[in-house]
$ cat model_32.csv   # CSV, C-alpha atoms and all ligand atoms
chain,number,residue,atom,x,y,z
A,19,MET,CA,93.0,155.0,6.7
A,20,THR,CA,90.9,152.4,4.9
A,21,LYS,CA,88.4,151.1,7.4
A,22,ILE,CA,87.4,147.5,7.7
A,23,LYS,CA,83.8,147.1,6.4
A,24,VAL,CA,81.9,145.1,8.9
A,25,ALA,CA,78.4,143.7,8.8
A,26,ILE,CA,76.4,142.2,11.7
A,27,ASN,CA,73.9,139.4,11.3
A,28,GLY,CA,71.8,139.1,14.5
A,29,PHE,CA,71.2,142.1,16.6
A,30,GLY,CA,70.4,140.7,20.1
A,31,THR,CA,72.4,140.7,23.3
A,32,ILE,CA,75.8,140.2,21.7
A,33,GLY,CA,75.1,141.8,18.3
A,34,LYS,CA,74.0,145.2,19.5
A,35,ARG,CA,77.0,145.5,21.9
A,36,VAL,CA,79.5,144.5,19.2
A,37,ALA,CA,77.8,146.9,16.8
A,38,GLU,CA,78.3,149.8,19.3
A,39,ALA,CA,81.9,148.8,19.9
A,40,ILE,CA,82.6,148.7,16.1
A,41,GLN,CA,81.2,152.2,15.7
A,42,LEU,CA,83.8,153.4,18.3
A,43,MET,CA,86.8,151.9,16.5
A,44,PRO,CA,88.8,154.3,14.3
A,45,ASP,CA,89.7,151.5,11.9
A,46,MET,CA,86.2,149.9,11.4
A,47,GLU,CA,83.0,150.9,9.7
A,48,LEU,CA,79.7,149.2,10.5
A,49,ILE,CA,78.1,149.1,7.1
A,50,GLY,CA,74.9,147.4,8.0
A,51,VAL,CA,72.9,145.2,10.4
A,52,VAL,CA,70.6,142.3,9.7
A,53,LYS,CA,67.3,141.9,11.6
A,54,THR,CA,64.7,139.3,11.1
A,55,ARG,CA,61.9,140.8,13.1
A,56,PRO,CA,60.5,144.4,12.9
A,57,ASP,CA,60.6,145.0,16.6
A,58,TYR,CA,61.8,148.0,18.6
A,59,LEU,CA,65.4,147.2,17.9
A,60,ALA,CA,64.8,147.5,14.1
A,61,ARG,CA,63.3,150.9,14.7
A,62,MET,CA,66.3,151.8,16.9
A,63,ILE,CA,68.7,150.8,14.2
A,64,VAL,CA,66.9,153.1,11.7
A,65,ARG,CA,66.6,155.9,14.2
A,66,ASN,CA,70.3,155.7,14.9
A,67,GLY,CA,71.2,156.1,11.3
A,68,LEU,CA,72.4,152.6,10.8
A,69,LYS,CA,71.6,150.7,7.6
A,70,LEU,CA,69.1,147.9,8.2
A,71,TYR,CA,69.1,144.8,6.0
A,72,VAL,CA,66.6,141.9,6.2
A,73,PRO,CA,66.2,138.4,4.7
A,74,GLU,CA,64.6,138.6,1.3
A,75,ASP,CA,61.4,136.8,2.5
A,76,LYS,CA,61.0,139.3,5.3
A,77,LEU,CA,61.0,142.5,3.2
A,78,ASN,CA,57.2,142.8,3.1
A,79,THR,CA,56.8,142.1,6.9
A,80,PHE,CA,59.1,145.0,7.6
A,81,LYS,CA,57.4,147.3,5.1
A,82,GLU,CA,54.0,146.5,6.4
A,83,THR,CA,55.0,147.8,9.9
A,84,GLY,CA,56.3,151.0,8.3
A,85,ILE,CA,60.0,150.2,8.4
A,86,GLU,CA,61.8,150.6,5.1
A,87,PRO,CA,65.0,148.4,5.1
A,88,HIS,CA,68.0,149.5,3.2
A,89,GLY,CA,68.2,146.2,1.4
A,90,VAL,CA,68.4,142.4,1.8
A,91,LEU,CA,71.0,140.3,3.4
A,92,GLN,CA,72.7,139.5,0.1
A,93,ASP,CA,73.2,143.2,-0.7
A,94,LEU,CA,75.1,143.6,2.6
A,95,LEU,CA,77.2,140.5,2.1
A,96,ARG,CA,78.3,141.8,-1.3
A,97,GLU,CA,79.7,145.0,0.3
A,98,ALA,CA,81.2,143.8,3.6
A,99,GLU,CA,84.6,142.4,4.2
A,100,VAL,CA,83.7,140.6,7.4
A,101,VAL,CA,80.4,139.6,9.0
A,102,VAL,CA,80.0,139.1,12.7
A,103,ASP,CA,77.3,136.4,13.1
A,104,ALA,CA,75.6,137.0,16.4
A,105,THR,CA,72.5,135.0,15.6
A,106,PRO,CA,71.2,132.5,18.3
A,107,GLY,CA,73.4,129.4,19.0
A,108,GLY,CA,73.2,127.0,16.1
A,109,VAL,CA,71.6,129.5,13.6
A,110,GLY,CA,75.0,130.7,12.5
A,111,ALA,CA,75.8,127.3,11.1
A,112,LYS,CA,72.8,127.6,8.8
A,113,TYR,CA,74.2,130.8,7.3
A,114,LYS,CA,77.7,129.3,6.7
A,115,GLU,CA,76.9,128.3,3.1
A,116,ILE,CA,75.7,131.7,2.1
A,117,TYR,CA,78.7,133.4,3.8
A,118,GLU,CA,80.9,131.0,1.8
A,119,LYS,CA,79.0,131.8,-1.4
A,120,TYR,CA,79.8,135.5,-1.0
A,121,GLY,CA,83.4,134.8,-0.1
A,122,ILE,CA,83.0,136.8,3.1
A,123,LYS,CA,85.1,136.3,6.3
A,124,VAL,CA,83.0,135.4,9.3
A,125,ILE,CA,83.2,135.7,13.1
A,126,PHE,CA,80.9,133.2,14.7
A,127,GLN,CA,79.9,133.2,18.4
A,128,GLY,CA,80.3,130.6,21.1
A,129,GLY,CA,76.9,129.1,20.7
A,130,GLU,CA,78.0,127.5,17.4
A,131,LYS,CA,79.8,124.1,17.4
A,132,PRO,CA,83.6,124.5,17.1
A,133,PHE,CA,83.8,122.9,13.7
A,134,VAL,CA,81.6,125.7,12.2
A,135,ALA,CA,84.7,128.0,12.1
A,136,LYS,CA,88.3,127.3,11.1
A,137,LYS,CA,89.5,128.2,14.6
A,138,SER,CA,88.2,129.0,18.0
A,139,PHE,CA,89.4,132.4,19.2
A,140,SER,CA,90.5,134.0,22.4
A,141,SER,CA,92.6,137.2,22.2
A,142,LEU,CA,95.0,136.6,25.1
A,143,CYS,CA,95.6,133.0,24.0
A,144,ASN,CA,95.8,132.7,20.2
A,145,LEU,CA,95.3,135.9,18.4
A,146,GLU,CA,98.5,135.5,16.4
A,147,GLU,CA,97.6,132.0,15.2
A,148,CYS,CA,94.2,133.3,14.0
A,149,ILE,CA,95.5,136.1,11.7
A,150,GLY,CA,94.2,135.7,8.2
A,151,SER,CA,91.9,132.8,9.0
A,152,GLU,CA,88.7,132.6,6.8
A,153,SER,CA,86.5,132.2,9.9
A,154,LEU,CA,86.8,132.4,13.6
A,155,ARG,CA,84.6,131.5,16.5
A,156,VAL,CA,84.8,133.7,19.6
A,157,VAL,CA,84.3,131.2,22.4
A,158,SER,CA,81.4,131.6,24.8
A,159,CYS,CA,81.3,133.9,27.8
A,160,ASN,CA,82.4,131.3,30.4
A,161,THR,CA,85.1,129.9,28.1
A,162,THR,CA,86.4,133.5,27.3
A,163,ALA,CA,86.6,134.1,31.1
A,164,LEU,CA,88.5,130.9,31.8
A,165,LEU,CA,90.9,131.5,28.9
A,166,ARG,CA,91.6,135.1,29.9
A,167,LEU,CA,92.7,133.8,33.3
A,168,ILE,CA,94.6,130.8,32.2
A,169,CYS,CA,96.5,132.4,29.4
A,170,THR,CA,97.4,135.4,31.5
A,171,LEU,CA,98.8,133.2,34.3
A,172,ASN,CA,100.4,130.7,32.0
A,173,LYS,CA,102.6,133.5,30.5
A,174,TYR,CA,104.3,133.8,33.9
A,175,PHE,CA,103.8,130.4,35.6
A,176,LYS,CA,103.6,127.0,33.9
A,177,ILE,CA,100.1,125.5,34.6
A,178,LYS,CA,99.9,121.8,35.3
A,179,LYS,CA,96.1,121.5,35.6
A,180,VAL,CA,92.9,123.5,36.0
A,181,ARG,CA,89.7,122.5,37.8
A,182,ALA,CA,86.7,124.9,37.8
A,183,THR,CA,83.2,125.0,39.1
A,184,ILE,CA,80.9,127.2,37.0
A,185,ILE,CA,77.8,128.8,38.6
A,186,ARG,CA,75.8,129.9,35.6
A,187,ARG,CA,73.2,132.6,35.4
A,188,ALA,CA,69.8,131.1,34.4
A,189,ALA,CA,69.0,133.7,31.7
A,190,ASP,CA,70.0,137.1,30.4
A,191,PRO,CA,67.8,139.9,31.9
A,192,LYS,CA,65.6,140.2,28.8
A,193,GLU,CA,64.9,136.4,28.6
A,194,ASP,CA,61.5,136.1,30.3
A,195,LYS,CA,60.9,132.5,29.2
A,196,ARG,CA,64.0,130.8,30.7
A,197,GLY,CA,64.6,129.3,34.2
A,198,PRO,CA,65.0,127.8,36.6
A,199,VAL,CA,63.1,130.2,38.9
A,200,ASP,CA,63.6,128.2,42.1
A,201,SER,CA,66.2,125.5,41.8
A,202,ILE,CA,69.9,124.8,41.4
A,203,LYS,CA,70.1,122.7,38.3
A,204,LEU,CA,73.0,120.5,37.2
A,205,ASN,CA,74.1,121.7,33.8
A,206,PRO,CA,75.0,119.3,32.5
A,207,ALA,CA,74.2,116.4,34.8
A,208,GLU,CA,77.7,114.9,34.4
A,209,ILE,CA,81.3,115.8,35.0
A,210,PRO,CA,83.1,117.2,33.1
A,211,SER,CA,80.9,119.9,31.7
A,212,HIS,CA,81.4,120.9,28.0
A,213,HIS,CA,83.2,124.1,29.1
A,214,ALA,CA,86.5,122.1,29.6
A,215,GLU,CA,86.3,120.8,26.0
A,216,ASP,CA,85.6,124.3,24.8
A,217,VAL,CA,88.7,125.7,26.5
A,218,LYS,CA,90.6,122.9,24.8
A,219,THR,CA,89.5,124.1,21.4
A,220,VAL,CA,92.0,126.9,22.0
A,221,LEU,CA,94.4,125.2,24.4
A,222,PRO,CA,94.4,121.5,23.4
A,223,TRP,CA,97.3,120.7,25.7
A,224,LEU,CA,95.6,121.8,28.9
A,225,ASP,CA,94.6,119.3,31.6
A,226,ILE,CA,91.2,120.9,32.6
A,227,LEU,CA,88.0,119.6,34.1
A,228,THR,CA,84.9,121.7,34.8
A,229,THR,CA,81.5,121.2,36.4
A,230,ALA,CA,78.5,123.5,36.0
A,231,PHE,CA,75.3,124.5,37.7
A,232,ILE,CA,72.5,126.9,36.8
A,233,VAL,CA,71.2,129.2,39.5
A,234,PRO,CA,68.2,131.6,39.4
A,235,THR,CA,70.0,134.9,38.6
A,236,THR,CA,70.4,137.0,35.5
A,237,LEU,CA,73.3,139.2,36.3
A,238,MET,CA,76.5,137.3,36.0
A,239,HIS,CA,78.2,133.9,36.2
A,240,VAL,CA,80.6,133.0,39.0
A,241,HIS,CA,83.5,130.6,38.8
A,242,SER,CA,85.5,129.0,41.5
A,243,VAL,CA,88.8,128.1,39.9
A,244,TYR,CA,91.5,125.8,41.2
A,245,ILE,CA,94.9,125.7,39.4
A,246,VAL,CA,97.9,123.6,40.0
A,247,PHE,CA,101.3,124.9,38.7
A,248,GLU,CA,104.5,123.0,37.9
A,249,ASN,CA,106.3,125.0,40.5
A,250,ASN,CA,105.4,126.9,43.7
A,251,VAL,CA,103.7,130.3,43.3
A,252,ASP,CA,103.5,133.4,45.4
A,253,ARG,CA,100.3,135.2,45.9
A,254,LYS,CA,101.9,138.6,45.3
A,255,ASP,CA,103.4,137.4,42.0
A,256,ILE,CA,100.0,136.0,41.0
A,257,ILE,CA,98.3,139.4,41.7
A,258,GLU,CA,101.1,141.2,39.8
A,259,SER,CA,100.6,139.0,36.7
A,260,LEU,CA,96.8,139.4,36.8
A,261,ARG,CA,97.4,143.2,36.7
A,262,SER,CA,99.3,142.8,33.4
A,263,THR,CA,96.0,143.0,31.4
A,264,LYS,CA,93.2,145.5,31.4
A,265,ARG,CA,90.8,142.6,30.6
A,266,ILE,CA,91.0,141.5,34.2
A,267,LEU,CA,89.7,143.6,37.1
A,268,LEU,CA,90.9,142.8,40.6
A,269,LEU,CA,88.2,143.8,43.1
A,270,ASP,CA,89.2,144.3,46.7
A,271,THR,CA,86.1,143.4,48.8
A,272,GLU,CA,87.5,145.1,51.9
A,273,SER,CA,88.0,148.5,50.4
A,274,THR,CA,85.0,148.4,48.0
A,275,GLY,CA,82.4,146.4,50.0
A,276,ILE,CA,81.7,144.6,46.7
A,277,ASP,CA,81.2,140.9,47.6
A,278,SER,CA,78.4,139.8,45.3
A,279,THR,CA,77.4,140.0,41.7
A,280,ALA,CA,74.5,142.3,42.6
A,281,LYS,CA,77.0,144.8,44.0
A,282,ILE,CA,79.3,144.5,41.0
A,283,ILE,CA,76.4,145.4,38.7
A,284,GLU,CA,75.3,148.2,41.0
A,285,ALA,CA,78.8,149.7,40.9
A,286,ALA,CA,78.8,149.4,37.1
A,287,ARG,CA,75.5,151.3,37.1
A,288,ASP,CA,76.8,154.0,39.4
A,289,LEU,CA,80.0,154.4,37.3
A,290,GLY,CA,77.8,155.1,34.3
A,291,ARG,CA,78.8,151.9,32.4
A,292,LYS,CA,76.2,151.6,29.6
A,293,ARG,CA,73.7,148.8,30.3
A,294,HIS,CA,75.9,148.1,33.4
A,295,ASP,CA,78.3,146.3,31.0
A,296,ILE,CA,81.5,144.9,32.4
A,297,PRO,CA,83.6,143.4,29.6
A,298,GLU,CA,86.4,142.8,32.0
A,299,LEU,CA,86.7,139.5,33.9
A,300,VAL,CA,86.2,140.4,37.5
A,301,ILE,CA,88.4,138.5,40.1
A,302,TRP,CA,87.8,139.0,43.8
A,303,LYS,CA,91.3,139.8,45.0
A,304,ASN,CA,90.6,138.6,48.5
A,305,THR,CA,89.7,135.1,47.3
A,306,ILE,CA,93.2,134.6,45.7
A,307,TYR,CA,94.7,131.9,47.8
A,308,ALA,CA,98.1,130.5,46.9
A,309,HIS,CA,99.8,127.7,48.7
A,310,GLU,CA,102.9,125.9,47.4
A,311,ASN,CA,102.0,125.1,43.8
A,312,GLU,CA,98.2,125.6,44.2
A,313,LEU,CA,96.0,128.6,43.5
A,314,TRP,CA,92.3,129.1,44.2
A,315,LEU,CA,90.2,132.1,43.3
A,316,VAL,CA,86.7,133.2,42.6
A,317,GLN,CA,85.8,135.2,39.5
A,318,ALA,CA,82.6,136.8,38.1
A,319,VAL,CA,81.7,137.1,34.4
A,320,HIS,CA,79.3,139.6,32.9
A,321,GLN,CA,78.0,137.2,30.2
A,322,GLU,CA,76.3,139.9,28.1
A,323,SER,CA,79.5,141.9,27.4
A,324,ILE,CA,82.6,139.9,28.1
A,325,VAL,CA,83.0,138.7,24.5
A,326,VAL,CA,82.8,142.2,23.0
A,327,PRO,CA,86.5,143.0,23.1
A,328,GLU,CA,87.4,139.6,21.7
A,329,ASN,CA,85.0,140.2,18.8
A,330,ILE,CA,86.7,143.4,18.0
A,331,ASP,CA,90.2,141.8,18.1
A,332,ALA,CA,88.8,138.9,16.0
A,333,ILE,CA,87.7,141.3,13.3
A,334,ARG,CA,91.2,142.8,13.0
A,335,ALA,CA,92.8,139.4,13.1
A,336,ILE,CA,90.7,138.0,10.3
A,337,VAL,CA,90.9,140.9,7.9
A,338,SER,CA,94.2,142.6,8.5
A,339,SER,CA,97.6,141.5,10.0
A,340,PRO,CA,97.6,143.4,13.3
A,341,ASN,CA,100.3,143.5,15.9
A,342,VAL,CA,98.9,141.4,18.7
A,343,HIS,CA,99.9,143.7,21.5
A,344,LYS,CA,98.8,146.8,19.6
A,345,THR,CA,95.3,145.6,18.6
A,346,ILE,CA,94.5,144.4,22.1
A,347,GLU,CA,95.8,147.7,23.5
A,348,LEU,CA,93.7,149.7,21.0
A,349,THR,CA,90.6,147.8,21.8
A,350,ASP,CA,91.1,148.2,25.5
A,351,GLU,CA,91.8,151.9,25.2
A,352,ILE,CA,88.8,152.7,23.1
A,353,LEU,CA,86.4,150.6,25.1
A,354,GLY,CA,87.8,152.1,28.3
A,355,LEU,CA,88.6,148.8,29.9
A,356,GLY,CA,90.4,148.5,33.2
A,357,LYS,CA,88.9,151.7,34.7
A,358,PHE,CA,86.5,150.6,37.4
A,359,ILE,CA,87.0,151.5,41.0
B,1,LIG,P1,70.0,136.8,21.2
B,1,LIG,O1,68.8,135.9,21.1
B,1,LIG,O2,70.0,137.9,22.3
B,1,LIG,O3,70.2,137.6,19.8
B,1,LIG,C1,70.1,136.9,18.6
B,1,LIG,C2,69.6,137.8,17.6
B,1,LIG,O4,69.5,137.1,16.3
B,1,LIG,C3,68.1,138.3,17.9
B,1,LIG,O5,68.0,139.6,17.6
B,1,LIG,C4,67.3,137.4,16.9
B,1,LIG,O6,66.1,138.1,16.6
B,1,LIG,C5,68.2,137.3,15.7
B,1,LIG,N1,67.9,136.2,14.9
B,1,LIG,C6,67.2,135.1,15.2
B,1,LIG,N2,67.1,134.2,14.1
B,1,LIG,C7,67.9,134.9,13.2
B,1,LIG,C8,68.2,134.5,11.8
B,1,LIG,N3,67.7,133.4,11.3
B,1,LIG,N4,68.9,135.4,11.1
B,1,LIG,C9,69.3,136.5,11.6
B,1,LIG,N5,69.1,136.9,12.9
B,1,LIG,C10,68.4,136.1,13.6
B,1,LIG,O7,71.3,135.9,21.4
B,1,LIG,P2,72.7,136.3,22.0
B,1,LIG,O8,72.6,136.1,23.5
B,1,LIG,O9,73.1,137.6,21.5
B,1,LIG,O10,73.6,135.2,21.4
B,1,LIG,C11,74.2,135.2,20.1
B,1,LIG,C12,75.4,134.3,20.1
B,1,LIG,O11,76.3,134.7,21.1
B,1,LIG,C13,75.0,132.8,20.5
B,1,LIG,O12,75.9,132.0,19.7
B,1,LIG,C14,75.4,132.8,21.9
B,1,LIG,O13,75.7,131.5,22.4
B,1,LIG,C15,76.6,133.7,22.0
B,1,LIG,N6,76.8,134.3,23.3
B,1,LIG,C16,75.8,134.7,24.1
B,1,LIG,C17,76.1,135.2,25.3
B,1,LIG,C18,75.0,135.7,26.3
B,1,LIG,O14,75.2,135.6,27.5
B,1,LIG,N7,73.9,136.2,25.8
B,1,LIG,C19,77.4,135.3,25.8
B,1,LIG,C20,78.5,134.9,24.9
B,1,LIG,C21,78.2,134.4,23.7
$ encode --input "model_32.csv" --output "structure tokens" --more "lines below"
Ligand code: NAD
Amino acid sequence: MTKIKVAINGFGTIGKRVAEAIQLMPDMELIGVVKTRPDYLARMIVRNGLKLYVPEDKLNTFKETGIEPHGVLQDLLREAEVVVDATPGGVGAKYKEIYEKYGIKVIFQGGEKPFVAKKSFSSLCNLEECIGSESLRVVSCNTTALLRLICTLNKYFKIKKVRATIIRRAADPKEDKRGPVDSIKLNPAEIPSHHAEDVKTVLPWLDILTTAFIVPTTLMHVHSVYIVFENNVDRKDIIESLRSTKRILLLDTESTGIDSTAKIIEAARDLGRKRHDIPELVIWKNTIYAHENELWLVQAVHQESIVVPENIDAIRAIVSSPNVHKTIELTDEILGLGKFI
């Protein structure tokens, strides 16, 4: 089998996780990773036998610290079929020109403005439409979570409108300069928040409004989601439909005792999940409340890993012509999704 040659630019929270996932995929080859700073991650890349590439003007900085890069960014772009840009939000747009110059396909992340890529991407919603695109943008962690829920339900029950309150983590665990430390902050200080617009980059027809707050935690986001359907829904049918995908975990608080993000993360640690990653969207089953045509539930989002499966699907969609069902199934199987407690 000819493997898809993938490069990664930006090896932080998202980049390093996507890199590991690519290495597990039977149809993909991670041919190199771009770093801009000679920190411990650069040493780890070399130690793990991966090829490290750097921007041309950083070559000497790396060499001076004893790290010998395999080459410069341009060398890698010449060889790769697709680059996953996981640089900080807004930085990907600055690379767009160089990616275009090398005629390479690109997967951008949710921190980029939607227009940076040809299409915004969410596996369970629009994988088929994205096949063969020149560039895709895997939407942010919160948007990926909302879209997984909405598109799974909308397959079975016609959605009329969605209203969601997003309680955002203040920072990722490694981010020691961000806050708030002791406040609940409006983010943004208006309704609707930008998350609704981001959902609409994938589902333009959807009536959705969102509001968002930042709270002092690093582990996960939590969403309180209220959905109105065209017709009456039954709680049992809702649960059945949510079980149709391995990208959603239904957690029973009564049988597991897990009623907080801290306990979800602890369970992931106990289960041996690397870095306590939970790429699945977690829905607390006991919160699922259905009455006539209304549904209300609470879900938790591990921001550092939820977009990893979508990045893998996006790579296949952009480079080959995968069967939608099979590519999602392959990603889920290899990443071991859906096996929690
Ligand atoms: P990060 O800061 O953890 O990682 C970014 C990496 O890019 C770092 O290693 C940094 O050194 C490197 N970098 C900085 N400038 C660079 C440059 N000019 N060229 C190449 N590399 C450069 O960021 P992240 O959290 O991984 O976010 C990456 C993207 O993923 C952003 O668009 C973000 O919005 C999106 N995203 C983040 C999360 C999250 O919770 N962390 C979730 C979903 C999506």
$ closest_residue --input "model_32.csv" --among "A:Ser153, A:Asn144, A:Asn341, A:Thr54" --to "Pro106 (chain A)" --atoms "all atoms listed in the file"
A:Thr54
$ residues_near_ligand --input "model_32.csv" --ligand "ligand LIG 1 (chain B)" --cutoff "6 Å" --atoms "all atoms listed in the file" --output "list of chain:residue names"
A:Asn27, A:Gly28, A:Phe29, A:Gly30, A:Thr31, A:Ile32, A:Gly33, A:Lys53, A:Thr54, A:Ala104, A:Thr105, A:Pro106, A:Gly107, A:Val109, A:Gln127, A:Gly128, A:Gly129, A:Glu130, A:Ser158, A:Cys159, A:Gln321, A:Glu322, A:Val325
$ closest_atom_pairs --input "model_32.csv" --of "region 103-212 of chain A" --to "region 273-281 of chain A" --cutoff "12 Å" --atoms "only C-alpha atoms" --output "CSV"
residue,atom,partner,partner_atom,distance
A:Ile185,CA,A:Thr279,CA,11.6
A:Arg186,CA,A:Thr279,CA,11.9
A:Arg187,CA,A:Thr279,CA,10.6
$ closest_atom_pairs --input "model_32.csv" --of "region 56-174 of chain A" --to "region 198-222 of chain A" --cutoff "8 Å" --atoms "all atoms listed in the file" --output "JSON lines"
{"residue": "A:Pro132", "atom": "CA", "partner": "A:Thr219", "partner_atom": "CA", "distance": 7.3}
{"residue": "A:Lys137", "atom": "CA", "partner": "A:Val220", "partner_atom": "CA", "distance": 7.9}
{"residue": "A:Ser138", "atom": "CA", "partner": "A:Val220", "partner_atom": "CA", "distance": 5.9}
{"residue": "A:Phe139", "atom": "CA", "partner": "A:Val220", "partner_atom": "CA", "distance": 6.7}
{"residue": "A:Ser140", "atom": "CA", "partner": "A:Val220", "partner_atom": "CA", "distance": 7.3}
{"residue": "A:Cys143", "atom": "CA", "partner": "A:Val220", "partner_atom": "CA", "distance": 7.4}
{"residue": "A:Asn144", "atom": "CA", "partner": "A:Val220", "partner_atom": "CA", "distance": 7.2}
{"residue": "A:Val157", "atom": "CA", "partner": "A:Asp216", "partner_atom": "CA", "distance": 7.4}
{"residue": "A:Asn160", "atom": "CA", "partner": "A:His213", "partner_atom": "CA", "distance": 7.4}
{"residue": "A:Thr161", "atom": "CA", "partner": "A:Val217", "partner_atom": "CA", "distance": 5.8}
{"residue": "A:Leu164", "atom": "CA", "partner": "A:Val217", "partner_atom": "CA", "distance": 7.4}
{"residue": "A:Leu165", "atom": "CA", "partner": "A:Val217", "partner_atom": "CA", "distance": 6.7}
$ closest_residue --input "model_32.csv" --among "A:Val24, A:Leu142, A:Val316, A:Ala188" --to "Val124 (chain A)" --atoms "all atoms listed in the file"
A:Val24
$ atom_distance --input "model_32.csv" --atom1 "CA of Lys303 (chain A)" --atom2 "CA of Pro191 (chain A)"
26.9 Å
$ closest_residue --input "model_32.csv" --among "A:Glu272, A:Glu82, A:Glu99, A:Glu310" --to "Gly50 (chain A)" --atoms "only C-alpha atoms"
A:Glu99
$ closest_residue --input "model_32.csv" --among "A:Lys119, A:Lys34, A:His320, A:Lys131" --to "Leu237 (chain A)" --atoms "all atoms listed in the file"
A:His320
$ closest_atom_pairs --input "model_32.csv" --of "region 119-211 of chain A" --to "region 331-340 of chain A" --cutoff "8 Å" --atoms "only C-alpha atoms" --output "JSON lines"
{"residue": "A:Lys123", "atom": "CA", "partner": "A:Ile336", "partner_atom": "CA", "distance": 7.1}
{"residue": "A:Ile125", "atom": "CA", "partner": "A:Ala332", "partner_atom": "CA", "distance": 7.1}
{"residue": "A:Phe139", "atom": "CA", "partner": "A:Ala332", "partner_atom": "CA", "distance": 7.3}
{"residue": "A:Ser141", "atom": "CA", "partner": "A:Asp331", "partner_atom": "CA", "distance": 6.6}
{"residue": "A:Leu145", "atom": "CA", "partner": "A:Ala335", "partner_atom": "CA", "distance": 6.8}
{"residue": "A:Glu146", "atom": "CA", "partner": "A:Ala335", "partner_atom": "CA", "distance": 7.7}
{"residue": "A:Cys148", "atom": "CA", "partner": "A:Ala335", "partner_atom": "CA", "distance": 6.3}
{"residue": "A:Ile149", "atom": "CA", "partner": "A:Ala335", "partner_atom": "CA", "distance": 4.5}
{"residue": "A:Gly150", "atom": "CA", "partner": "A:Ile336", "partner_atom": "CA", "distance": 4.7}
{"residue": "A:Ser151", "atom": "CA", "partner": "A:Ile336", "partner_atom": "CA", "distance": 5.5}
{"residue": "A:Glu152", "atom": "CA", "partner": "A:Ile336", "partner_atom": "CA", "distance": 6.7}
{"residue": "A:Ser153", "atom": "CA", "partner": "A:Ile336", "partner_atom": "CA", "distance": 7.2}
{"residue": "A:Leu154", "atom": "CA", "partner": "A:Ala332", "partner_atom": "CA", "distance": 7.2}
{"residue": "A:Val156", "atom": "CA", "partner": "A:Ala332", "partner_atom": "CA", "distance": 7.5}
$ closest_residue --input "model_32.csv" --among "A:Phe358, A:Phe231, A:Phe247, A:Phe80" --to "Ile168 (chain A)" --atoms "only C-alpha atoms"
A:Phe247
$ atom_distance --input "model_32.csv" --atom1 "CA of Arg196 (chain A)" --atom2 "CA of Ala230 (chain A)"
17.1 Å
$ atom_distance --input "model_32.csv" --atom1 "CA of Ala39 (chain A)" --atom2 "CA of Glu115 (chain A)"
27.0 Å
$ residues_around --input "model_32.csv" --residues "region 40-42 of chain A" --least-positions-apart "2" --cutoff "12 Å" --atoms "all atoms listed in the file" --output "PyMOL selection string"
chain A and resi 21-26+33-38+44-51+66-68+100-102+326-334+348-354
$ closest_residue --input "model_32.csv" --among "A:Asn249, A:Thr79, A:Ser259, A:Ser323" --to "Cys169 (chain A)" --atoms "all atoms listed in the file"
A:Ser259
